[in-house]
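Undergrad: So I've got this file, model.cif, and it contains mmCIF, N, CA and C atoms:
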```cif
data_structure
#
loop_
_atom_site.group_PDB
_atom_site.id
_atom_site.type_symbol
_atom_site.label_atom_id
_atom_site.label_comp_id
_atom_site.auth_asym_id
_atom_site.auth_seq_id
_atom_site.Cartn_x
_atom_site.Cartn_y
_atom_site.Cartn_z
ATOM 1 N N MET R 1 0.827 -1.185 0.000
ATOM 2 C CA MET R 1 0.000 0.000 0.000
ATOM 3 C C MET R 1 0.875 1.254 0.000
ATOM 4 N N LEU R 2 1.942 1.222 0.771
ATOM 5 C CA LEU R 2 2.827 2.383 0.840
ATOM 6 C C LEU R 2 3.449 2.677 -0.521
ATOM 7 N N LYS R 3 3.982 1.659 -1.166
ATOM 8 C CA LYS R 3 4.601 1.861 -2.479
ATOM 9 C C LYS R 3 3.573 2.373 -3.486
ATOM 10 N N THR R 4 2.379 1.829 -3.456
ATOM 11 C CA THR R 4 1.336 2.247 -4.391
ATOM 12 C C THR R 4 0.920 3.696 -4.151
ATOM 13 N N ALA R 5 0.839 4.114 -2.905
ATOM 14 C CA ALA R 5 0.518 5.512 -2.603
ATOM 15 C C ALA R 5 1.615 6.429 -3.133
ATOM 16 N N LYS R 6 2.866 6.020 -2.957
ATOM 17 C CA LYS R 6 3.981 6.806 -3.495
ATOM 18 C C LYS R 6 3.935 6.833 -5.024
ATOM 19 N N ASP R 7 3.565 5.718 -5.631
ATOM 20 C CA ASP R 7 3.428 5.674 -7.095
ATOM 21 C C ASP R 7 2.387 6.687 -7.565
ATOM 22 N N ALA R 8 1.258 6.771 -6.863
ATOM 23 C CA ALA R 8 0.202 7.722 -7.247
ATOM 24 C C ALA R 8 0.726 9.149 -7.204
ATOM 25 N N VAL R 9 1.493 9.463 -6.170
ATOM 26 C CA VAL R 9 2.064 10.813 -6.061
ATOM 27 C C VAL R 9 2.995 11.083 -7.249
ATOM 28 N N LEU R 10 3.787 10.094 -7.642
ATOM 29 C CA LEU R 10 4.675 10.254 -8.796
ATOM 30 C C LEU R 10 3.889 10.410 -10.095
ATOM 31 N N ILE R 11 2.820 9.665 -10.234
ATOM 32 C CA ILE R 11 1.992 9.739 -11.450
ATOM 33 C C ILE R 11 1.405 11.141 -11.604
ATOM 34 N N VAL R 12 0.928 11.715 -10.524
ATOM 35 C CA VAL R 12 0.334 13.052 -10.577
ATOM 36 C C VAL R 12 1.412 14.117 -10.759
ATOM 37 N N GLY R 13 2.507 13.980 -10.030
ATOM 38 C CA GLY R 13 3.565 14.976 -10.131
ATOM 39 C C GLY R 13 3.027 16.364 -9.842
ATOM 40 N N SER R 14 3.440 17.324 -10.632
ATOM 41 C CA SER R 14 2.985 18.704 -10.434
ATOM 42 C C SER R 14 1.938 19.116 -11.469
ATOM 43 N N ASP R 15 1.453 18.147 -12.254
ATOM 44 C CA ASP R 15 0.473 18.450 -13.303
ATOM 45 C C ASP R 15 -0.907 18.703 -12.718
ATOM 46 N N ASP R 16 -1.695 19.482 -13.440
ATOM 47 C CA ASP R 16 -3.060 19.735 -13.008
ATOM 48 C C ASP R 16 -3.963 18.604 -13.505
ATOM 49 N N HIS R 17 -5.173 18.575 -12.965
ATOM 50 C CA HIS R 17 -6.070 17.473 -13.318
ATOM 51 C C HIS R 17 -6.439 17.496 -14.797
ATOM 52 N N GLY R 18 -6.422 18.661 -15.424
ATOM 53 C CA GLY R 18 -6.757 18.743 -16.845
ATOM 54 C C GLY R 18 -5.779 17.978 -17.709
ATOM 55 N N SER R 19 -4.493 18.149 -17.443
ATOM 56 C CA SER R 19 -3.509 17.425 -18.250
ATOM 57 C C SER R 19 -3.512 15.935 -17.923
ATOM 58 N N ILE R 20 -3.801 15.600 -16.687
ATOM 59 C CA ILE R 20 -3.875 14.182 -16.316
ATOM 60 C C ILE R 20 -5.127 13.556 -16.922
ATOM 61 N N SER R 21 -6.244 14.268 -16.879
ATOM 62 C CA SER R 21 -7.505 13.745 -17.419
ATOM 63 C C SER R 21 -7.408 13.423 -18.901
ATOM 64 N N SER R 22 -6.584 14.170 -19.610
ATOM 65 C CA SER R 22 -6.451 13.937 -21.054
ATOM 66 C C SER R 22 -5.443 12.837 -21.378
ATOM 67 N N ASP R 23 -4.818 12.278 -20.358
ATOM 68 C CA ASP R 23 -3.825 11.219 -20.545
ATOM 69 C C ASP R 23 -4.396 9.907 -20.002
ATOM 70 N N MET R 24 -4.965 9.120 -20.900
ATOM 71 C CA MET R 24 -5.652 7.888 -20.508
ATOM 72 C C MET R 24 -4.750 6.951 -19.712
ATOM 73 N N ILE R 25 -3.485 6.893 -20.050
ATOM 74 C CA ILE R 25 -2.575 5.977 -19.354
ATOM 75 C C ILE R 25 -2.402 6.412 -17.903
ATOM 76 N N ARG R 26 -2.240 7.694 -17.680
ATOM 77 C CA ARG R 26 -2.080 8.183 -16.309
ATOM 78 C C ARG R 26 -3.362 8.034 -15.504
ATOM 79 N N VAL R 27 -4.510 8.278 -16.136
ATOM 80 C CA VAL R 27 -5.779 8.097 -15.426
ATOM 81 C C VAL R 27 -5.943 6.638 -15.025
ATOM 82 N N ARG R 28 -5.680 5.743 -15.946
ATOM 83 C CA ARG R 28 -5.807 4.317 -15.628
ATOM 84 C C ARG R 28 -4.796 3.889 -14.564
ATOM 85 N N ALA R 29 -3.615 4.470 -14.613
ATOM 86 C CA ALA R 29 -2.607 4.166 -13.590
ATOM 87 C C ALA R 29 -3.089 4.636 -12.217
ATOM 88 N N LEU R 30 -3.668 5.833 -12.155
ATOM 89 C CA LEU R 30 -4.198 6.328 -10.884
ATOM 90 C C LEU R 30 -5.360 5.475 -10.386
ATOM 91 N N VAL R 31 -6.244 5.104 -11.291
ATOM 92 C CA VAL R 31 -7.360 4.224 -10.923
ATOM 93 C C VAL R 31 -6.814 2.934 -10.329
ATOM 94 N N ASN R 32 -5.802 2.378 -10.962
ATOM 95 C CA ASN R 32 -5.202 1.149 -10.456
ATOM 96 C C ASN R 32 -4.588 1.373 -9.075
ATOM 97 N N CYS R 33 -3.898 2.483 -8.888
ATOM 98 C CA CYS R 33 -3.302 2.769 -7.578
ATOM 99 C C CYS R 33 -4.368 2.816 -6.486
ATOM 100 N N PHE R 34 -5.451 3.558 -6.742
ATOM 101 C CA PHE R 34 -6.494 3.668 -5.719
ATOM 102 C C PHE R 34 -7.217 2.346 -5.496
ATOM 103 N N THR R 35 -7.328 1.548 -6.531
ATOM 104 C CA THR R 35 -7.911 0.217 -6.364
ATOM 105 C C THR R 35 -7.028 -0.635 -5.459
ATOM 106 N N GLU R 36 -5.729 -0.624 -5.733
ATOM 107 C CA GLU R 36 -4.787 -1.408 -4.918
ATOM 108 C C GLU R 36 -4.750 -0.916 -3.477
ATOM 109 N N ILE R 37 -4.730 0.386 -3.284
ATOM 110 C CA ILE R 37 -4.710 0.939 -1.926
ATOM 111 C C ILE R 37 -5.965 0.498 -1.169
ATOM 112 N N GLY R 38 -7.117 0.582 -1.813
ATOM 113 C CA GLY R 38 -8.368 0.174 -1.181
ATOM 114 C C GLY R 38 -8.426 -1.307 -0.890
ATOM 115 N N GLU R 39 -7.925 -2.118 -1.815
ATOM 116 C CA GLU R 39 -7.889 -3.571 -1.585
ATOM 117 C C GLU R 39 -7.001 -3.896 -0.385
ATOM 118 N N ALA R 40 -5.837 -3.274 -0.345
ATOM 119 C CA ALA R 40 -4.920 -3.517 0.771
ATOM 120 C C ALA R 40 -5.529 -3.049 2.088
ATOM 121 N N ALA R 41 -6.176 -1.882 2.063
ATOM 122 C CA ALA R 41 -6.806 -1.358 3.279
ATOM 123 C C ALA R 41 -7.893 -2.295 3.785
ATOM 124 N N ALA R 42 -8.644 -2.879 2.870
ATOM 125 C CA ALA R 42 -9.727 -3.794 3.258
ATOM 126 C C ALA R 42 -9.192 -5.054 3.924
ATOM 127 N N ARG R 43 -7.951 -5.397 3.638
ATOM 128 C CA ARG R 43 -7.376 -6.629 4.152
ATOM 129 C C ARG R 43 -6.450 -6.421 5.357
ATOM 130 N N LEU R 44 -6.307 -5.173 5.795
ATOM 131 C CA LEU R 44 -5.450 -4.912 6.949
ATOM 132 C C LEU R 44 -6.036 -5.533 8.210
ATOM 133 N N SER R 45 -5.157 -6.023 9.033
ATOM 134 C CA SER R 45 -5.594 -6.539 10.327
ATOM 135 C C SER R 45 -5.987 -5.370 11.226
ATOM 136 N N SER R 46 -6.718 -5.665 12.263
ATOM 137 C CA SER R 46 -7.099 -4.605 13.204
ATOM 138 C C SER R 46 -5.862 -4.028 13.887
ATOM 139 N N THR R 47 -4.840 -4.846 14.085
ATOM 140 C CA THR R 47 -3.587 -4.360 14.669
ATOM 141 C C THR R 47 -2.926 -3.344 13.754
ATOM 142 N N ALA R 48 -2.871 -3.649 12.457
ATOM 143 C CA ALA R 48 -2.265 -2.729 11.498
ATOM 144 C C ALA R 48 -3.079 -1.445 11.400
ATOM 145 N N ARG R 49 -4.381 -1.567 11.384
ATOM 146 C CA ARG R 49 -5.228 -0.365 11.324
ATOM 147 C C ARG R 49 -5.028 0.507 12.559
ATOM 148 N N ALA R 50 -4.866 -0.132 13.692
ATOM 149 C CA ALA R 50 -4.652 0.617 14.935
ATOM 150 C C ALA R 50 -3.313 1.357 14.911
ATOM 151 N N ARG R 51 -2.333 0.803 14.240
ATOM 152 C CA ARG R 51 -1.020 1.460 14.131
ATOM 153 C C ARG R 51 -1.097 2.764 13.344
ATOM 154 N N VAL R 52 -2.046 2.849 12.438
ATOM 155 C CA VAL R 52 -2.255 4.060 11.649
ATOM 156 C C VAL R 52 -3.715 4.477 11.874
ATOM 157 N N SER R 53 -4.016 4.726 13.123
ATOM 158 C CA SER R 53 -5.414 4.951 13.516
ATOM 159 C C SER R 53 -6.012 6.226 12.941
ATOM 160 N N ALA R 54 -5.171 7.181 12.573
ATOM 161 C CA ALA R 54 -5.701 8.433 12.012
ATOM 162 C C ALA R 54 -6.165 8.274 10.567
ATOM 163 N N ALA R 55 -5.783 7.192 9.926
ATOM 164 C CA ALA R 55 -6.169 6.988 8.525
ATOM 165 C C ALA R 55 -7.674 6.713 8.433
ATOM 166 N N PRO R 56 -8.336 7.290 7.449
ATOM 167 C CA PRO R 56 -9.774 7.071 7.275
ATOM 168 C C PRO R 56 -10.038 5.758 6.529
ATOM 169 N N TRP R 57 -9.827 4.641 7.196
ATOM 170 C CA TRP R 57 -9.866 3.333 6.530
ATOM 171 C C TRP R 57 -11.183 3.089 5.813
ATOM 172 N N ARG R 58 -12.292 3.433 6.432
ATOM 173 C CA ARG R 58 -13.595 3.196 5.805
ATOM 174 C C ARG R 58 -13.720 3.979 4.493
ATOM 175 N N GLN R 59 -13.258 5.231 4.496
ATOM 176 C CA GLN R 59 -13.332 6.047 3.286
ATOM 177 C C GLN R 59 -12.378 5.529 2.211
ATOM 178 N N ILE R 60 -11.219 5.028 2.616
ATOM 179 C CA ILE R 60 -10.267 4.484 1.652
ATOM 180 C C ILE R 60 -10.878 3.281 0.938
ATOM 181 N N VAL R 61 -11.469 2.390 1.705
ATOM 182 C CA VAL R 61 -12.115 1.216 1.116
ATOM 183 C C VAL R 61 -13.333 1.645 0.299
ATOM 184 N N GLY R 62 -14.064 2.633 0.785
ATOM 185 C CA GLY R 62 -15.228 3.136 0.057
ATOM 186 C C GLY R 62 -14.847 3.733 -1.288
ATOM 187 N N MET R 63 -13.733 4.440 -1.335
ATOM 188 C CA MET R 63 -13.284 5.004 -2.606
ATOM 189 C C MET R 63 -12.947 3.890 -3.585
ATOM 190 N N ARG R 64 -12.314 2.849 -3.094
ATOM 191 C CA ARG R 64 -12.011 1.699 -3.947
ATOM 192 C C ARG R 64 -13.299 1.105 -4.506
ATOM 193 N N ASN R 65 -14.308 0.979 -3.663
ATOM 194 C CA ASN R 65 -15.573 0.393 -4.108
ATOM 195 C C ASN R 65 -16.226 1.239 -5.195
ATOM 196 N N ILE R 66 -16.171 2.540 -5.043
ATOM 197 C CA ILE R 66 -16.726 3.423 -6.071
ATOM 198 C C ILE R 66 -15.956 3.268 -7.373
ATOM 199 N N ILE R 67 -14.644 3.270 -7.285
ATOM 200 C CA ILE R 67 -13.805 3.142 -8.485
ATOM 201 C C ILE R 67 -14.092 1.832 -9.209
ATOM 202 N N VAL R 68 -14.193 0.756 -8.467
ATOM 203 C CA VAL R 68 -14.372 -0.562 -9.077
ATOM 204 C C VAL R 68 -15.776 -0.768 -9.623
ATOM 205 N N HIS R 69 -16.772 -0.241 -8.930
ATOM 206 C CA HIS R 69 -18.149 -0.536 -9.312
ATOM 207 C C HIS R 69 -18.851 0.571 -10.097
ATOM 208 N N VAL R 70 -18.274 1.764 -10.121
ATOM 209 C CA VAL R 70 -18.882 2.877 -10.842
ATOM 210 C C VAL R 70 -17.822 3.473 -11.764
ATOM 211 N N TYR R 71 -17.156 2.610 -12.494
ATOM 212 C CA TYR R 71 -15.992 3.031 -13.284
ATOM 213 C C TYR R 71 -16.322 4.093 -14.327
ATOM 214 N N TRP R 72 -17.558 4.135 -14.802
ATOM 215 C CA TRP R 72 -17.913 5.147 -15.799
ATOM 216 C C TRP R 72 -18.068 6.521 -15.155
ATOM 217 N N GLY R 73 -18.092 6.576 -13.841
ATOM 218 C CA GLY R 73 -18.271 7.841 -13.147
ATOM 219 C C GLY R 73 -17.021 8.316 -12.429
ATOM 220 N N ILE R 74 -15.862 7.766 -12.775
ATOM 221 C CA ILE R 74 -14.628 8.163 -12.108
ATOM 222 C C ILE R 74 -14.301 9.608 -12.467
ATOM 223 N N ASP R 75 -14.013 10.378 -11.461
ATOM 224 C CA ASP R 75 -13.672 11.788 -11.621
ATOM 225 C C ASP R 75 -12.163 11.931 -11.443
ATOM 226 N N ALA R 76 -11.442 12.138 -12.538
ATOM 227 C CA ALA R 76 -9.990 12.263 -12.480
ATOM 228 C C ALA R 76 -9.571 13.415 -11.577
ATOM 229 N N ALA R 77 -10.355 14.486 -11.567
ATOM 230 C CA ALA R 77 -10.033 15.620 -10.699
ATOM 231 C C ALA R 77 -10.052 15.207 -9.230
ATOM 232 N N GLU R 78 -10.996 14.343 -8.863
ATOM 233 C CA GLU R 78 -11.069 13.858 -7.480
ATOM 234 C C GLU R 78 -9.874 12.966 -7.149
ATOM 235 N N LEU R 79 -9.455 12.145 -8.109
ATOM 236 C CA LEU R 79 -8.271 11.310 -7.883
ATOM 237 C C LEU R 79 -7.031 12.170 -7.671
ATOM 238 N N VAL R 80 -6.893 13.209 -8.490
ATOM 239 C CA VAL R 80 -5.747 14.116 -8.354
ATOM 240 C C VAL R 80 -5.815 14.848 -7.019
ATOM 241 N N LYS R 81 -6.985 15.350 -6.667
ATOM 242 C CA LYS R 81 -7.156 16.069 -5.393
ATOM 243 C C LYS R 81 -6.820 15.158 -4.218
ATOM 244 N N THR R 82 -7.311 13.940 -4.247
ATOM 245 C CA THR R 82 -7.041 12.996 -3.164
ATOM 246 C C THR R 82 -5.555 12.667 -3.094
ATOM 247 N N THR R 83 -4.941 12.514 -4.266
ATOM 248 C CA THR R 83 -3.506 12.232 -4.296
ATOM 249 C C THR R 83 -2.728 13.362 -3.650
ATOM 250 N N ARG R 84 -3.090 14.577 -3.975
ATOM 251 C CA ARG R 84 -2.363 15.744 -3.448
ATOM 252 C C ARG R 84 -2.705 16.045 -1.988
ATOM 253 N N ASP R 85 -3.990 15.960 -1.649
ATOM 254 C CA ASP R 85 -4.429 16.399 -0.323
ATOM 255 C C ASP R 85 -4.329 15.332 0.754
ATOM 256 N N ASP R 86 -4.508 14.073 0.370
ATOM 257 C CA ASP R 86 -4.636 13.024 1.380
ATOM 258 C C ASP R 86 -3.502 12.000 1.402
ATOM 259 N N LEU R 87 -2.969 11.664 0.252
ATOM 260 C CA LEU R 87 -1.956 10.614 0.242
ATOM 261 C C LEU R 87 -0.661 10.988 0.956
ATOM 262 N N PRO R 88 -0.168 12.230 0.885
ATOM 263 C CA PRO R 88 1.063 12.529 1.627
ATOM 264 C C PRO R 88 0.951 12.229 3.136
ATOM 265 N N ALA R 89 -0.184 12.557 3.733
ATOM 266 C CA ALA R 89 -0.373 12.267 5.158
ATOM 267 C C ALA R 89 -0.457 10.760 5.409
ATOM 268 N N LEU R 90 -1.136 10.044 4.521
ATOM 269 C CA LEU R 90 -1.220 8.593 4.663
ATOM 270 C C LEU R 90 0.161 7.973 4.520
ATOM 271 N N ILE R 91 0.935 8.438 3.558
ATOM 272 C CA ILE R 91 2.297 7.928 3.358
ATOM 273 C C ILE R 91 3.127 8.157 4.613
ATOM 274 N N SER R 92 3.088 9.367 5.151
ATOM 275 C CA SER R 92 3.855 9.683 6.367
ATOM 276 C C SER R 92 3.430 8.805 7.537
ATOM 277 N N ALA R 93 2.128 8.624 7.701
ATOM 278 C CA ALA R 93 1.621 7.802 8.807
ATOM 279 C C ALA R 93 2.028 6.341 8.644
ATOM 280 N N MET R 94 1.972 5.832 7.419
ATOM 281 C CA MET R 94 2.382 4.444 7.201
ATOM 282 C C MET R 94 3.879 4.275 7.424
ATOM 283 N N GLU R 95 4.675 5.222 6.961
ATOM 284 C CA GLU R 95 6.118 5.143 7.176
ATOM 285 C C GLU R 95 6.448 5.173 8.665
ATOM 286 N N ALA R 96 5.802 6.042 9.414
ATOM 287 C CA ALA R 96 6.020 6.110 10.859
ATOM 288 C C ALA R 96 5.628 4.792 11.526
ATOM 289 N N ALA R 97 4.502 4.230 11.119
ATOM 290 C CA ALA R 97 4.048 2.965 11.700
ATOM 291 C C ALA R 97 5.028 1.839 11.390
ATOM 292 N N LEU R 98 5.532 1.816 10.171
ATOM 293 C CA LEU R 98 6.496 0.771 9.811
ATOM 294 C C LEU R 98 7.803 0.913 10.581
ATOM 295 N N ASN R 99 8.224 2.144 10.828
ATOM 296 C CA ASN R 99 9.451 2.377 11.582
ATOM 297 C C ASN R 99 9.321 1.935 13.032
ATOM 298 N N GLU R 100 8.084 1.976 13.561
ATOM 299 C CA GLU R 100 7.837 1.590 14.940
ATOM 300 C C GLU R 100 7.379 0.141 15.076
ATOM 301 N N TRP R 101 7.149 -0.521 13.957
ATOM 302 C CA TRP R 101 6.626 -1.894 13.996
ATOM 303 C C TRP R 101 7.638 -2.810 14.678
ATOM 304 N N PRO R 102 7.206 -3.648 15.579
ATOM 305 C CA PRO R 102 8.161 -4.533 16.251
ATOM 306 C C PRO R 102 8.793 -5.522 15.262
ATOM 307 N N ALA R 103 10.088 -5.714 15.434
ATOM 308 C CA ALA R 103 10.799 -6.680 14.583
ATOM 309 C C ALA R 103 10.333 -8.089 14.915
ATOM 310 N N GLU R 104 10.260 -8.905 13.883
ATOM 311 C CA GLU R 104 9.881 -10.299 14.116
ATOM 312 C C GLU R 104 11.012 -11.006 14.825
ATOM 313 N N SER R 105 10.667 -11.799 15.792
ATOM 314 C CA SER R 105 11.707 -12.544 16.522
ATOM 315 C C SER R 105 12.200 -13.681 15.641
ATOM 316 N N GLU R 106 13.456 -13.950 15.779
ATOM 317 C CA GLU R 106 14.057 -14.995 14.936
ATOM 318 C C GLU R 106 13.899 -16.359 15.532
#
```
Take the structure in this file and express it as structure tokens.

TA:
Amino acid sequence: MLKTAKDAVLIVGSDDHGSISSDMIRVRALVNCFTEIGEAAARLSSTARARVSAAPWRQIVGMRNIIVHVYWGIDAAELVKTTRDDLPALISAMEAALNEWPAESE
């Protein structure tokens, strides 16, 4: 999930939603990123969710459901906005959680 969130940020870069919307490959790449993030979020254990408790897990999974089931209504501007406004905080929270995650005993 962390790598995919970082991929979405790279896909968007500094471009506006208009230039991304006109690039079918980038739109499909973003759709795939949000699908993967939502799938991973749906499968997180309660322990993992608690480690990143500030993340809006229900909304993340809900966005995936909309993308997968209402594909003709995907709003590229919303994907770009979410990538810019929400993913950086999620990335930071996941990185912090991973840094604090207990090492597996050998």

Undergrad: What's the separation between atom C of Ser21 in chain R and atom N of Gly38 in chain R, in Å to one decimal place?

TA: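 The value is 21.4 Å.
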
Undergrad: Care to translate the PyMOL selection byres (((chain R and resi 34 and name CA) around 12) and name CA) into actual residues of this file, as an MDAnalysis selection string?

TA: chainID R and resid 1:9 11 27:33 35:41 59:68 74 76 78:80 82:83 86:87

Undergrad: For a test of reading the model, state the distance in Å between CA of Glu95 in chain R and CA of Ala50 in chain R, rounded to one decimal.

TA: 14.0 Å

Undergrad: Identify all residues satisfying the PyMOL selection byres (((chain R and resi 55 and name CA) around 12) and name CA) in the given file; provide them as a PyMOL selection string.

TA: chain R and resi 41+48-54+56-61+86-94+97

Undergrad: Tell me which of R:Ala96, R:Ala77, R:Ala42, R:Val70 sits closest to Asp16 in chain R, counting only C-alpha atoms.

TA: R:Ala77

Undergrad: I need the residue nearest Arg26 in chain R from this list: R:Asp85, R:Gly73, R:Leu10, R:Leu98. Use only C-alpha atoms for the distance.

TA: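 Smallest separation from Arg26 in chain R among the options: R:Leu10.
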
Undergrad: Would you list, as a PyMOL selection string, the residues of chain R that end up in alpha helix (DSSP H) under DSSP run on this structure's backbone?

TA: chain R and resi 2-12+17-21+24-42+46-51+57-69+76-85+87-100

Undergrad: To one decimal place in Å, what is the distance between atom C of Ile25 in chain R and atom N of Val12 in chain R?

TA: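 Here the two named atoms are 9.7 Å from each other.
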